[in-house]
Amino acid sequence: EDQVTQSPEALRLQEGESSSLNCSYTVSGLRGLFWYRQDPGKGPEFLFTLYSAGEEKEKERLKATLTKKESFLHITAPKPEDSATYLCAVQDGSQFGTSYGKLTFGQGTILTVHP
Amino acid sequence: ETGVTQTPRHLVMGMTNKKSLKCEQHLGHNAMYWYKQSAKKPLELMFVYSLEERVENNSVPSRFSPECPNSSHLFLHLHTLQPEDSALYLCASSQDRGTGLTDTQYFGPGTRLTVL
């Protein structure tokens with residue numbers, strides 16, 4: 001069974017204080033790893049998809065990286081508007097035809113950035 | 001309208017009521033999903049429709065009944081719910097490439113459901 005564990009559960013940063021969020025996963029055959037941002041009371045907003053170990057993607061102050069066992073979301077010089085819950089999810093490519101589009105989500109990391 | 005929209009945004013219902021949640025996607029996708037998000041728990045996949053055919057039913061109680069009349073619209077019909085069904089219900093859509101795997105899923109804003 002696919003598993004996704006995110007750490008820490010909650011992270012408080014001062015504005016400008018860089019840090020990283022971790023997503024550890026267990027999957028038979030990784031088809032894709034997805035990062036989403038979710039603001040309170042809203043739906044998840046897509047950030048990145050990573051497909052293979054060594055891949056990196058960047059968007060503004062965020063950079064996502066992927067290894068064979070985990071992914072990191074690096075936040076450089078965060079601002080208060082980066083405060084949100086960050087969700088990681090994996091799609092298992094080995095379950096071809098039996099887990100149609102199924103994403104397994106982690107429980108999320110709640111990020112709070114203080115001014 | 002753009003992206004994925006959901007109505008209503010908030011719903012309060014009694015255990016004997018019947019209500020429906022509506023989702024519409026404006027992205028030209030052919031797969032749609034219902035997820036349940038409860039406090040302190042990961043998102044749980046409930047149903048998947050691809051090309052208007054239900055392809056996954058993730059052991060969801062029969063008091064939840066999905067309907068997908070076309071590739072742009074998805075409904076979740078609710079009846080005789082329990083208080084533990086209170087949660088944020090999220091709709092998502094993606095493009096199914098016909099291989100059993102799909103592209104990135106895009107989510108709507110959700111319906112906050114409270115069952116009294």
# chains A, B, ... in the order shown; residues from 1 in each chain; ligands from 1
$ select_by_dssp --residues "region 11-116 of chain B" --states "strand (DSSP E or B)" --output "VMD selection string"
chain B and resid 11 to 13 18 to 25 31 to 37 44 to 50 53 to 57 64 to 70 73 to 79 87 to 94 96 102 106 to 107 111 to 115
$ interface_residues --of "chain B" --to "chain A" --cutoff "8 Å" --atoms "only C-alpha atoms" --output "short mmCIF file (atom, residue, chain, number, x, y, z; two decimals) with N, CA, C and O atoms, in the first residue's frame"
data_model
loop_
_atom_site.label_atom_id
_atom_site.label_comp_id
_atom_site.auth_asym_id
_atom_site.auth_seq_id
_atom_site.Cartn_x
_atom_site.Cartn_y
_atom_site.Cartn_z
N LYS B 40 -7.41 17.09 10.23
CA LYS B 40 -6.25 16.31 10.67
C LYS B 40 -6.08 14.99 9.92
O LYS B 40 -5.36 14.11 10.38
N LYS B 41 -6.76 14.81 8.79
CA LYS B 41 -6.63 13.57 8.00
C LYS B 41 -6.25 13.92 6.57
O LYS B 41 -6.63 14.97 6.06
N PRO B 42 -5.53 13.01 5.91
CA PRO B 42 -5.22 13.25 4.49
C PRO B 42 -6.48 13.22 3.64
O PRO B 42 -7.49 12.63 4.02
N LEU B 43 -6.40 13.83 2.48
CA LEU B 43 -7.51 13.75 1.53
C LEU B 43 -7.80 12.29 1.19
O LEU B 43 -6.90 11.50 0.96
N GLU B 44 -9.11 11.97 1.18
CA GLU B 44 -9.53 10.61 0.85
C GLU B 44 -10.29 10.63 -0.46
O GLU B 44 -11.28 11.34 -0.60
N LEU B 45 -9.82 9.81 -1.41
CA LEU B 45 -10.52 9.70 -2.68
C LEU B 45 -11.82 8.93 -2.48
O LEU B 45 -11.84 7.87 -1.85
N VAL B 48 -14.15 8.22 -8.80
CA VAL B 48 -13.47 8.69 -10.00
C VAL B 48 -14.36 8.41 -11.19
O VAL B 48 -14.90 7.31 -11.33
N VAL B 55 -15.06 4.75 -12.67
CA VAL B 55 -13.98 3.78 -12.75
C VAL B 55 -13.42 3.43 -11.38
O VAL B 55 -12.61 2.51 -11.26
N GLU B 56 -13.81 4.14 -10.36
CA GLU B 56 -13.36 3.80 -9.02
C GLU B 56 -14.39 4.24 -8.00
O GLU B 56 -14.92 5.34 -8.07
N LEU B 90 -14.26 17.98 -1.80
CA LEU B 90 -13.53 18.61 -2.90
C LEU B 90 -13.76 17.85 -4.19
O LEU B 90 -13.76 16.62 -4.23
N ASP B 96 -7.51 12.39 -18.68
CA ASP B 96 -7.18 10.98 -18.72
C ASP B 96 -6.60 10.65 -20.09
O ASP B 96 -7.27 10.85 -21.09
N THR B 99 -4.54 5.56 -20.33
CA THR B 99 -3.61 4.51 -19.91
C THR B 99 -3.89 4.04 -18.49
O THR B 99 -3.16 3.23 -17.95
N GLY B 100 -4.96 4.56 -17.88
CA GLY B 100 -5.21 4.25 -16.47
C GLY B 100 -4.51 5.22 -15.55
O GLY B 100 -4.69 5.17 -14.34
N LEU B 101 -3.70 6.08 -16.12
CA LEU B 101 -3.04 7.11 -15.33
C LEU B 101 -3.43 8.47 -15.88
O LEU B 101 -3.75 8.59 -17.07
N THR B 102 -3.45 9.47 -15.04
CA THR B 102 -3.92 10.77 -15.50
C THR B 102 -2.91 11.86 -15.20
O THR B 102 -1.99 11.70 -14.41
N ASP B 103 -3.14 12.98 -15.85
CA ASP B 103 -2.32 14.15 -15.63
C ASP B 103 -2.68 14.81 -14.30
O ASP B 103 -3.53 14.33 -13.56
N THR B 104 -2.06 15.95 -14.05
CA THR B 104 -2.28 16.69 -12.82
C THR B 104 -3.75 16.95 -12.56
O THR B 104 -4.50 17.31 -13.47
N GLN B 105 -4.16 16.76 -11.32
CA GLN B 105 -5.54 17.04 -10.91
C GLN B 105 -5.65 18.47 -10.40
O GLN B 105 -4.83 18.91 -9.60
N TYR B 106 -6.69 19.15 -10.85
CA TYR B 106 -6.96 20.52 -10.43
C TYR B 106 -8.23 20.52 -9.60
O TYR B 106 -9.24 19.94 -10.00
N PHE B 107 -8.16 21.20 -8.47
CA PHE B 107 -9.23 21.13 -7.48
C PHE B 107 -10.13 22.37 -7.51
O PHE B 107 -9.69 23.47 -7.83
N GLY B 108 -11.38 22.14 -7.12
CA GLY B 108 -12.30 23.24 -6.87
C GLY B 108 -12.12 23.75 -5.45
O GLY B 108 -11.32 23.23 -4.68
N PRO B 109 -12.92 24.77 -5.07
CA PRO B 109 -12.78 25.38 -3.74
C PRO B 109 -13.38 24.55 -2.61
O PRO B 109 -13.12 24.82 -1.44
N GLY B 110 -14.21 23.57 -2.97
CA GLY B 110 -14.79 22.71 -1.94
C GLY B 110 -16.15 23.18 -1.44
O GLY B 110 -16.53 24.35 -1.58
N ARG B 112 -18.09 23.04 2.19
CA ARG B 112 -17.98 22.72 3.62
C ARG B 112 -19.34 22.20 4.10
O ARG B 112 -20.31 22.94 4.13
#
$ closest_residue --among "A:Ile110, A:Leu50, A:Ile75, A:Leu11" --to "Leu62 (chain A)" --atoms "only C-alpha atoms"
A:Ile75
$ closest_residue --among "B:Met15, B:Leu27, B:Leu21, B:Leu113" --to "Thr2 (chain B)" --atoms "only C-alpha atoms"
B:Leu27
$ closest_residue --among "B:Asn58, B:Asn70, B:Ser38, B:Ser65" --to "Lys19 (chain B)" --atoms "only C-alpha atoms"
B:Ser65
$ residues_around --residues "Gly28 (chain B)" --least-positions-apart "4" --cutoff "12 Å" --atoms "only C-alpha atoms" --output "list in words"
Thr2, Gly3, Val4, Glu24, Met32, Leu51, Asn70, Ser71, Ser72, His73, Ser93, Ser94, Gln95, Asp96 and Tyr106 of chain B
$ atom_distance --atom1 "CA of Lys57 (chain A)" --atom2 "CA of Thr76 (chain A)"
13.5 Å
$ closest_residue --among "A:Gln14, A:Thr65, A:Thr109, A:Ser52" --to "Ala77 (chain A)" --atoms "only C-alpha atoms"
A:Gln14
$ atom_distance --atom1 "CA of Lys68 (chain A)" --atom2 "CA of Arg12 (chain A)"
27.6 Å
$ atom_distance --atom1 "CA of Ser86 (chain B)" --atom2 "CA of Cys23 (chain B)"
18.1 Å
$ residues_around --residues "Lys59 (chain A)" --least-positions-apart "4" --cutoff "9 Å" --atoms "only C-alpha atoms" --output "count of residues only"
4
$ closest_residue --among "A:Val27, A:Leu21, A:Leu73, A:Val90" --to "Tyr51 (chain A)" --atoms "only C-alpha atoms"
A:Val90
$ residues_around --residues "Leu111 (chain A)" --least-positions-apart "2" --cutoff "8 Å" --atoms "only C-alpha atoms" --output "list in words"
Ala10, Leu11, Arg12, Leu13, Asp82, Ser83, Ala84, Thr85, Tyr86, Thr109 and Val113 of chain A
$ write_last_selection --atoms "C-alpha atoms" --output "compact mmCIF listing (two decimals), in the first residue's frame"
# COMPACT_ATOMS: atom_id res chain seq x y z
CA ALA A 10 3.67 22.45 11.55
CA LEU A 11 6.43 24.95 10.89
CA ARG A 12 6.70 28.54 12.09
CA LEU A 13 9.19 30.83 10.38
CA ASP A 82 3.43 31.94 1.84
CA SER A 83 1.56 30.84 4.96
CA ALA A 84 -0.62 27.84 4.02
CA THR A 85 -0.82 24.07 4.30
CA TYR A 86 1.47 22.32 1.82
CA THR A 109 2.57 20.65 6.69
CA VAL A 113 5.40 32.88 8.30
